[in-house]
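J.: Below: one structure in structure tokens.
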Amino acid sequence: MFSEVKNVKFNNGLEMPMVGLGTYSRKAEPGQFRQAVEWAIELGYRHIDTASSYKNEVEVGEGIANKINEGLVKREDLFVTNKLWNDSHAKDAVVETLKESLRKMKLDYLDLYLIHWPISVNANGVDTAISYLESWKGMEEAVKQGLAKSIGVSNFNEKQIQELCDNAAIKPVVNQIEISPTLTQHPLVNLCRKLSVIPVAYTPLGLISEARPEFIGKDAIKTDAKLGEIAKKYGKTRAQIALRYLIQREIPVIPKSFTKSRIEENLNVFDFELAEEEMAIVDGYNINHRCVPGKSFEKYTYYPF
């Protein structure tokens, strides 16, 4: 069995597991989301991450319910994250949207609710330019009503996370952003730390999982001989080395997978430690490449990149 998964402590005193199961997929078959969640909980995951825009809340909720009903876990053993989509940013829409997500997941509360992107649109995709500071008031109301234990954001840049922290009555606990060996994000990570906001890494394997033609051959995670040697030394895969690199930077990770062996592998990263020079090697793979550039959002107010 694995070494115990470490937790990270939020600025409000609550804790979150350092590894979570990401559940985003454009290609998953019916039942795949539920199956992945069930496997993950069986394998020792206690942190499940979804979003209303993933269109999988019902299945993710079923996976959670099945494991609770089997007696494998209690609800309080699990940490569940969901996210507010761009078309529900009006202050008065936030709580109702969260309630709808809870209904679909058959849960009474979320452990963490995030503003998915700082941009806001209507149902037709027209820019509504609602300030994320207004949206945040709705997020704070969700905490007051006991619907979310903690609140945070995702895809906020340095200026946006600073402004939010300067104006929030309840501070965000995390900023979930793309961080990987090919997108190290040191300036934003350092600012989050200064603000007592935990940076959380989505797409933590970078180009190992999302290659674009112009970057083929530049994916050091897959191809670099030095990384292969590090992996061999510890009896780990290249992906495990990449995840361990982030964890040693004290950055929680949300790798996604729908393959049982990969789900297991992604959690098994707490029984070894990279040396300082090995951390430097992995850090050197940065090419500031975004796998999730959100190009379709470029025309909107508050686009973060």
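Chain identifiers are assigned as A, B, and so on, following the order in which chains appear in the structure tokens; residues are numbered from 1 within each chain, and ligands are numbered from 1 in order of appearance.
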Go through range 33-220 of chain A and collect every residue that DSSP, computed from the backbone, puts in alpha helix (DSSP H); the answer should be as a ChimeraX atom specification.
T.: /A:33-43,57-69,91-105,132-144,158-167,186-194,220
J.: For range 104-116 of chain A, please output as a PyMOL selection string all residues within 6 Å (counting only C-alpha atoms; exclusion window: fewer than 5 positions along the same chain).
T.: chain A and resi 57-58+61+79-85+147-154
J.: DSSP on the backbone, then: every residue of range 60-248 of chain A marked strand (DSSP E), written as an MDAnalysis selection string.
T.: chainID A and resid 79:84 110:115 148:154 174:178 198:202
J.: Using only C-alpha atoms, what table do you get, as CSV, when you list each residue of range 103-207 of chain A with an atom no more than 9 Å from range 16-38 of chain A, its nearest pair of atoms, and their distance in Å rounded to one decimal, rows by chain then rising number?
T.:
```
residue,atom,partner,partner_atom,distance
A:Asp111,CA,A:Met16,CA,8.7
A:Val200,CA,A:Met18,CA,8.7
A:Tyr202,CA,A:Gly22,CA,7.8
A:Thr203,CA,A:Gly22,CA,8.7
```
J.: Identify, on the basis of only C-alpha atoms, every residue whose closest approach to Thr97 in chain A does not exceed 10 Å; exclude the query and any residue fewer than 2 positions from it along the same chain; express the result as a ChimeraX atom specification.
T.: /A:52,83-85,87-89,92-95,99-103
J.: Convert the current residue selection to file output with N, CA and C atoms, as a tab-separated table (two decimals), in the first residue's frame.
T.:
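Result saved to part.tsv:
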```
chain	number	residue	atom	x	y	z
A	52	SER	N	-18.97	22.10	-13.03
A	52	SER	CA	-20.27	22.01	-13.72
A	52	SER	C	-20.06	21.92	-15.23
A	83	LYS	N	-16.79	23.66	-9.46
A	83	LYS	CA	-16.45	24.99	-9.96
A	83	LYS	C	-17.66	25.67	-10.61
A	84	LEU	N	-17.71	26.97	-10.40
A	84	LEU	CA	-18.76	27.84	-10.95
A	84	LEU	C	-18.42	28.21	-12.39
A	85	TRP	N	-19.35	27.97	-13.32
A	85	TRP	CA	-19.05	28.28	-14.72
A	85	TRP	C	-19.27	29.76	-15.03
A	87	ASP	N	-21.11	31.43	-16.95
A	87	ASP	CA	-22.44	32.01	-17.22
A	87	ASP	C	-23.26	32.22	-15.94
A	88	SER	N	-22.62	32.07	-14.78
A	88	SER	CA	-23.36	32.20	-13.51
A	88	SER	C	-22.63	33.15	-12.55
A	89	HIS	N	-22.00	34.18	-13.08
A	89	HIS	CA	-21.15	35.05	-12.26
A	89	HIS	C	-21.89	36.16	-11.53
A	92	ASP	N	-26.16	37.05	-7.36
A	92	ASP	CA	-27.35	36.30	-6.93
A	92	ASP	C	-27.46	34.94	-7.61
A	93	ALA	N	-26.67	34.69	-8.64
A	93	ALA	CA	-26.74	33.40	-9.35
A	93	ALA	C	-25.84	32.35	-8.71
A	94	VAL	N	-24.85	32.79	-7.94
A	94	VAL	CA	-23.82	31.85	-7.45
A	94	VAL	C	-24.41	30.76	-6.56
A	95	VAL	N	-25.18	31.15	-5.56
A	95	VAL	CA	-25.71	30.17	-4.60
A	95	VAL	C	-26.66	29.21	-5.28
A	99	LYS	N	-26.25	25.19	-5.58
A	99	LYS	CA	-27.30	24.26	-5.12
A	99	LYS	C	-27.65	23.25	-6.21
A	100	GLU	N	-27.66	23.71	-7.47
A	100	GLU	CA	-27.95	22.80	-8.58
A	100	GLU	C	-26.85	21.75	-8.73
A	101	SER	N	-25.60	22.16	-8.55
A	101	SER	CA	-24.49	21.20	-8.60
A	101	SER	C	-24.61	20.19	-7.47
A	102	LEU	N	-24.95	20.65	-6.28
A	102	LEU	CA	-25.13	19.74	-5.14
A	102	LEU	C	-26.27	18.76	-5.40
A	103	ARG	N	-27.35	19.26	-6.02
A	103	ARG	CA	-28.49	18.38	-6.34
A	103	ARG	C	-28.04	17.28	-7.29
```
J.: Nearest to Lys299 in chain A among A:Gly125, A:Gly13, A:Gly206, A:Gly228, with distances taken over only C-alpha atoms: which residue is it?
T.: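 Selected residue with least distance to Lys299 in chain A: A:Gly125.
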J.: Please indicate the distance in Å from CA of Lys171 in chain A to CA of Asn86 in chain A, rounded to one decimal place.
T.: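 Computed distance, CA of Lys171 in chain A to CA of Asn86 in chain A, equals 20.3 Å.
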J.: State, in Å with one decimal place, the distance from CA of Pro181 in chain A to CA of Leu205 in chain A.
T.: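 Separation between CA of Pro181 in chain A and CA of Leu205 in chain A: 7.1 Å.
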J.: Quick one: residues within 12 Å of Leu243 in chain A, only C-alpha atoms, excluding same-chain residues fewer than 2 positions away - as a PyMOL selection string?
T.: chain A and resi 18-20+179-181+200-206+208+221+231+236-241+245-256+265-270+272-274+279+282-283
J.: Keeping N, CA and C atoms, export the residues of the selection given above as a compact mmCIF listing (two decimals), in the first residue's frame.
T.:
```txt
# COMPACT_ATOMS: atom_id res chain seq x y z
N MET A 18 -3.04 16.44 -0.92
CA MET A 18 -2.10 16.99 -1.92
C MET A 18 -2.30 16.41 -3.32
N VAL A 19 -2.97 15.25 -3.42
CA VAL A 19 -3.26 14.67 -4.73
C VAL A 19 -4.77 14.48 -4.86
N GLY A 20 -5.33 14.95 -5.95
CA GLY A 20 -6.75 14.76 -6.22
C GLY A 20 -6.94 14.12 -7.58
N ILE A 179 0.04 24.29 -13.85
CA ILE A 179 1.45 24.28 -13.45
C ILE A 179 2.00 22.90 -13.79
N SER A 180 3.18 22.87 -14.40
CA SER A 180 3.81 21.61 -14.77
C SER A 180 5.30 21.87 -14.99
N PRO A 181 6.09 20.83 -15.24
CA PRO A 181 7.50 21.08 -15.56
C PRO A 181 7.70 21.92 -16.82
N VAL A 200 -2.67 25.42 -6.76
CA VAL A 200 -2.99 24.01 -7.05
C VAL A 200 -2.79 23.78 -8.54
N ALA A 201 -2.15 22.67 -8.89
CA ALA A 201 -1.77 22.42 -10.28
C ALA A 201 -2.77 21.52 -11.00
N TYR A 202 -3.41 22.09 -12.05
CA TYR A 202 -4.12 21.21 -12.98
C TYR A 202 -3.23 20.99 -14.20
N THR A 203 -3.53 19.97 -15.00
CA THR A 203 -2.66 19.53 -16.10
C THR A 203 -1.21 19.47 -15.62
N PRO A 204 -0.95 18.76 -14.50
CA PRO A 204 0.37 18.83 -13.88
C PRO A 204 1.47 18.10 -14.65
N LEU A 205 1.08 17.32 -15.65
CA LEU A 205 2.09 16.62 -16.45
C LEU A 205 2.42 17.40 -17.73
N GLY A 206 1.76 18.53 -17.93
CA GLY A 206 2.09 19.39 -19.06
C GLY A 206 2.03 18.65 -20.37
N ILE A 208 3.24 16.01 -21.40
CA ILE A 208 3.15 14.54 -21.44
C ILE A 208 1.74 14.11 -21.85
N ILE A 221 9.60 15.72 -20.71
CA ILE A 221 9.09 14.72 -19.77
C ILE A 221 9.09 13.33 -20.42
N ALA A 231 14.00 8.64 -13.09
CA ALA A 231 12.89 7.71 -12.91
C ALA A 231 13.41 6.30 -12.59
N LYS A 236 10.46 4.61 -10.52
CA LYS A 236 9.21 5.31 -10.80
C LYS A 236 9.10 5.59 -12.30
N THR A 237 7.93 6.06 -12.71
CA THR A 237 7.74 6.48 -14.10
C THR A 237 8.12 7.96 -14.24
N ARG A 238 8.27 8.39 -15.48
CA ARG A 238 8.56 9.80 -15.73
C ARG A 238 7.43 10.69 -15.17
N ALA A 239 6.21 10.24 -15.34
CA ALA A 239 5.07 11.03 -14.84
C ALA A 239 5.13 11.18 -13.32
N GLN A 240 5.51 10.12 -12.63
CA GLN A 240 5.62 10.19 -11.17
C GLN A 240 6.70 11.18 -10.74
N ILE A 241 7.79 11.24 -11.50
CA ILE A 241 8.84 12.22 -11.19
C ILE A 241 8.30 13.64 -11.36
N TYR A 245 7.97 16.37 -8.36
CA TYR A 245 8.59 17.70 -8.47
C TYR A 245 7.63 18.78 -7.96
N LEU A 246 6.37 18.71 -8.36
CA LEU A 246 5.38 19.70 -7.93
C LEU A 246 5.08 19.57 -6.44
N ILE A 247 4.95 18.35 -5.98
CA ILE A 247 4.64 18.12 -4.56
C ILE A 247 5.77 18.66 -3.68
N GLN A 248 7.02 18.49 -4.14
CA GLN A 248 8.14 19.03 -3.36
C GLN A 248 8.19 20.56 -3.41
N ARG A 249 7.54 21.16 -4.38
CA ARG A 249 7.34 22.61 -4.38
C ARG A 249 6.14 22.98 -3.51
N GLU A 250 5.55 22.00 -2.84
CA GLU A 250 4.38 22.17 -1.97
C GLU A 250 3.18 22.65 -2.76
N ILE A 251 3.05 22.11 -3.98
CA ILE A 251 1.92 22.42 -4.85
C ILE A 251 1.05 21.17 -4.99
N PRO A 252 -0.19 21.18 -4.48
CA PRO A 252 -1.09 20.05 -4.68
C PRO A 252 -1.34 19.84 -6.17
N VAL A 253 -1.59 18.60 -6.56
CA VAL A 253 -1.75 18.25 -7.98
C VAL A 253 -3.10 17.56 -8.23
N ILE A 254 -3.65 17.80 -9.42
CA ILE A 254 -4.95 17.21 -9.81
C ILE A 254 -4.75 16.48 -11.14
N PRO A 255 -4.00 15.39 -11.17
CA PRO A 255 -3.86 14.65 -12.43
C PRO A 255 -5.17 13.95 -12.78
N LYS A 256 -5.49 13.91 -14.08
CA LYS A 256 -6.70 13.21 -14.49
C LYS A 256 -6.31 11.91 -15.19
N GLU A 265 -0.91 4.87 -10.08
CA GLU A 265 0.46 5.39 -10.22
C GLU A 265 0.55 6.85 -9.77
N ASN A 266 -0.45 7.66 -10.13
CA ASN A 266 -0.43 9.09 -9.82
C ASN A 266 -0.49 9.38 -8.32
N LEU A 267 -1.01 8.43 -7.56
CA LEU A 267 -1.08 8.62 -6.10
C LEU A 267 0.19 8.15 -5.39
N ASN A 268 0.95 7.33 -6.08
CA ASN A 268 2.09 6.65 -5.45
C ASN A 268 3.36 7.49 -5.59
N VAL A 269 3.34 8.67 -4.97
CA VAL A 269 4.45 9.62 -5.14
C VAL A 269 4.95 10.19 -3.80
N PHE A 270 4.65 9.48 -2.72
CA PHE A 270 5.03 9.99 -1.40
C PHE A 270 6.11 9.16 -0.70
N PHE A 272 9.29 8.65 -1.87
CA PHE A 272 10.65 8.98 -2.29
C PHE A 272 10.77 10.50 -2.35
N GLU A 273 12.00 10.99 -2.42
CA GLU A 273 12.23 12.43 -2.45
C GLU A 273 13.32 12.75 -3.46
N LEU A 274 13.05 13.73 -4.32
CA LEU A 274 14.04 14.15 -5.30
C LEU A 274 15.12 15.01 -4.64
N MET A 279 15.59 18.21 -8.70
CA MET A 279 14.53 19.23 -8.79
C MET A 279 14.92 20.29 -9.83
N VAL A 282 14.37 19.03 -13.44
CA VAL A 282 12.95 19.06 -13.86
C VAL A 282 12.49 20.50 -14.06
N ASP A 283 12.92 21.38 -13.17
CA ASP A 283 12.55 22.80 -13.27
C ASP A 283 13.07 23.40 -14.58
```
J.: Rank A:Leu43, A:Thr182, A:Asn122, A:Val189 by their smallest atom-to-atom distance to Lys222 in chain A, using only C-alpha atoms, and report the top residue only.
T.: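 Selected residue with least distance to Lys222 in chain A: A:Thr182.
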J.: So the first atom is CA of Ile161 in chain A and the second is CA of Thr301 in chain A; what is the distance between them in Å, to one decimal place?
T.: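 Atom-to-atom, CA of Ile161 in chain A to CA of Thr301 in chain A, that is 15.5 Å.
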J.: Closest to Pro304 in chain A among A:Asn155, A:Asn124, A:Ser131, A:Thr50, using only C-alpha atoms?
T.: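 That would be A:Asn155, the residue with the smallest distance to Pro304 in chain A.
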J.: Would you mind listing what lies within 12 Å of Gly71 in chain A as a ChimeraX atom specification, with only C-alpha atoms counted and same-chain residues fewer than 5 positions away left out?
T.: /A:41-42,64-66,77
